[in-house]
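Okay, so here's the structure we're looking at.
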Amino acid sequence: QVSLVESGGGSVQAGGSLRLSCAASGNIESSIRGNFIAWFRQAPGKEREEVAAILTAGGATSYAGSVEGRFTITQDVTKNTIDLQMSRLKPEDTAMYYCAAQEWIGAWYDPKTYKFWGQGTQVTVSS
């Protein structure tokens, strides 16, 4: 079993920055190492959507078009953390942000391929 805990959410004005962090614990090596860990977000009344992902083996990254160039996902293997640096934030980035990890590698953008989920952290961007 793997536990994911997000932190770093908050309120910011448009154009500002926030850094989210996801701390993983548990059976990391046997359960999720080598697969994608991703950030998803869900705004009220909308479906959960992919934001960014990192392949824990090798560090390859993927981004949704709406955040590419503004968000950066990184991992610290020694600390078992996945961070999401968000810059030039827009009001439409307002959502609950979730960290998720795959048990088996699959499409990074498909939430159905992720087995482990955190509780989420709220990001609010005001205009």
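In the structure tokens, the first chain shown is A, the next is B, and so on; residue numbers restart at 1 for each chain, and ligands run from 1 in the order shown.
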
I'd like a table as CSV: residues in range 4-53 of chain A with an atom no more than 8 Å from range 111-124 of chain A, each row giving the shortest atom pair and its distance in Å to one decimal, only C-alpha atoms counted, sorted by chain and rising residue number.
residue,atom,partner,partner_atom,distance
A:Leu4,CA,A:Gly118,CA,4.7
A:Val5,CA,A:Gly118,CA,5.3
A:Glu6,CA,A:Gly120,CA,6.0
A:Ser7,CA,A:Thr121,CA,6.2
A:Gly8,CA,A:Thr121,CA,7.2
A:Gly9,CA,A:Val123,CA,5.0
A:Gly10,CA,A:Val123,CA,5.1
A:Ser11,CA,A:Thr124,CA,4.6
A:Val12,CA,A:Thr124,CA,6.4
A:Phe40,CA,A:Pro111,CA,8.0
A:Arg48,CA,A:Pro111,CA,7.9
A:Glu49,CA,A:Pro111,CA,7.9
A:Glu50,CA,A:Pro111,CA,7.5

Those residues with C-alpha atoms, as a PDB file, in the first residue's frame please?
ATOM      1  CA  LEU A   4       0.196  10.147  -0.835  1.00  0.00           C
ATOM      2  CA  VAL A   5      -0.079  13.437   1.025  1.00  0.00           C
ATOM      3  CA  GLU A   6      -0.279  16.767  -0.772  1.00  0.00           C
ATOM      4  CA  SER A   7       0.699  20.140   0.625  1.00  0.00           C
ATOM      5  CA  GLY A   8       1.353  23.662  -0.551  1.00  0.00           C
ATOM      6  CA  GLY A   9      -2.027  24.804  -1.797  1.00  0.00           C
ATOM      7  CA  GLY A  10      -3.418  28.228  -1.061  1.00  0.00           C
ATOM      8  CA  SER A  11      -4.753  31.445  -2.507  1.00  0.00           C
ATOM      9  CA  VAL A  12      -2.824  33.656  -4.890  1.00  0.00           C
ATOM     10  CA  PHE A  40      -4.611  15.995 -11.550  1.00  0.00           C
ATOM     11  CA  ARG A  48     -11.013  15.609 -13.070  1.00  0.00           C
ATOM     12  CA  GLU A  49      -8.319  16.503 -15.596  1.00  0.00           C
ATOM     13  CA  GLU A  50      -4.663  15.725 -15.997  1.00  0.00           C
TER      14      GLU A  50
END

Margin query: For a quick check of understanding, using only C-alpha atoms, which of A:Ile28, A:Ala43, A:Ile54, A:Val125 has the smallest distance to Asp83 in chain A?
Written below: A:Ile54

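Between Pro91 in chain A and the candidates A:Ala38, A:Ala14, A:Val51, A:Val2, the tightest atom-to-atom separation, counting only C-alpha atoms, involves A:Ala14.
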
Next item on the list: Write down as a ChimeraX atom specification the residues belonging to chain A that are assigned alpha helix (DSSP H) by DSSP computed on the backbone.
Entry: /A:28-31

Same residues, N, CA and C atoms, saved as a short mmCIF file (atom, residue, chain, number, x, y, z; two decimals), in the first residue's frame:
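See selection-v9.cif below for the written result:
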data_model
loop_
_atom_site.label_atom_id
_atom_site.label_comp_id
_atom_site.auth_asym_id
_atom_site.auth_seq_id
_atom_site.Cartn_x
_atom_site.Cartn_y
_atom_site.Cartn_z
N ILE A 28 6.79 1.84 -1.69
CA ILE A 28 7.07 2.60 -2.90
C ILE A 28 7.81 1.76 -3.92
N GLU A 29 8.86 1.10 -3.49
CA GLU A 29 9.70 0.37 -4.44
C GLU A 29 8.92 -0.74 -5.12
N SER A 30 8.11 -1.45 -4.38
CA SER A 30 7.39 -2.59 -4.95
C SER A 30 6.10 -2.20 -5.65
N SER A 31 5.54 -1.03 -5.30
CA SER A 31 4.22 -0.68 -5.82
C SER A 31 4.24 0.33 -6.96
#
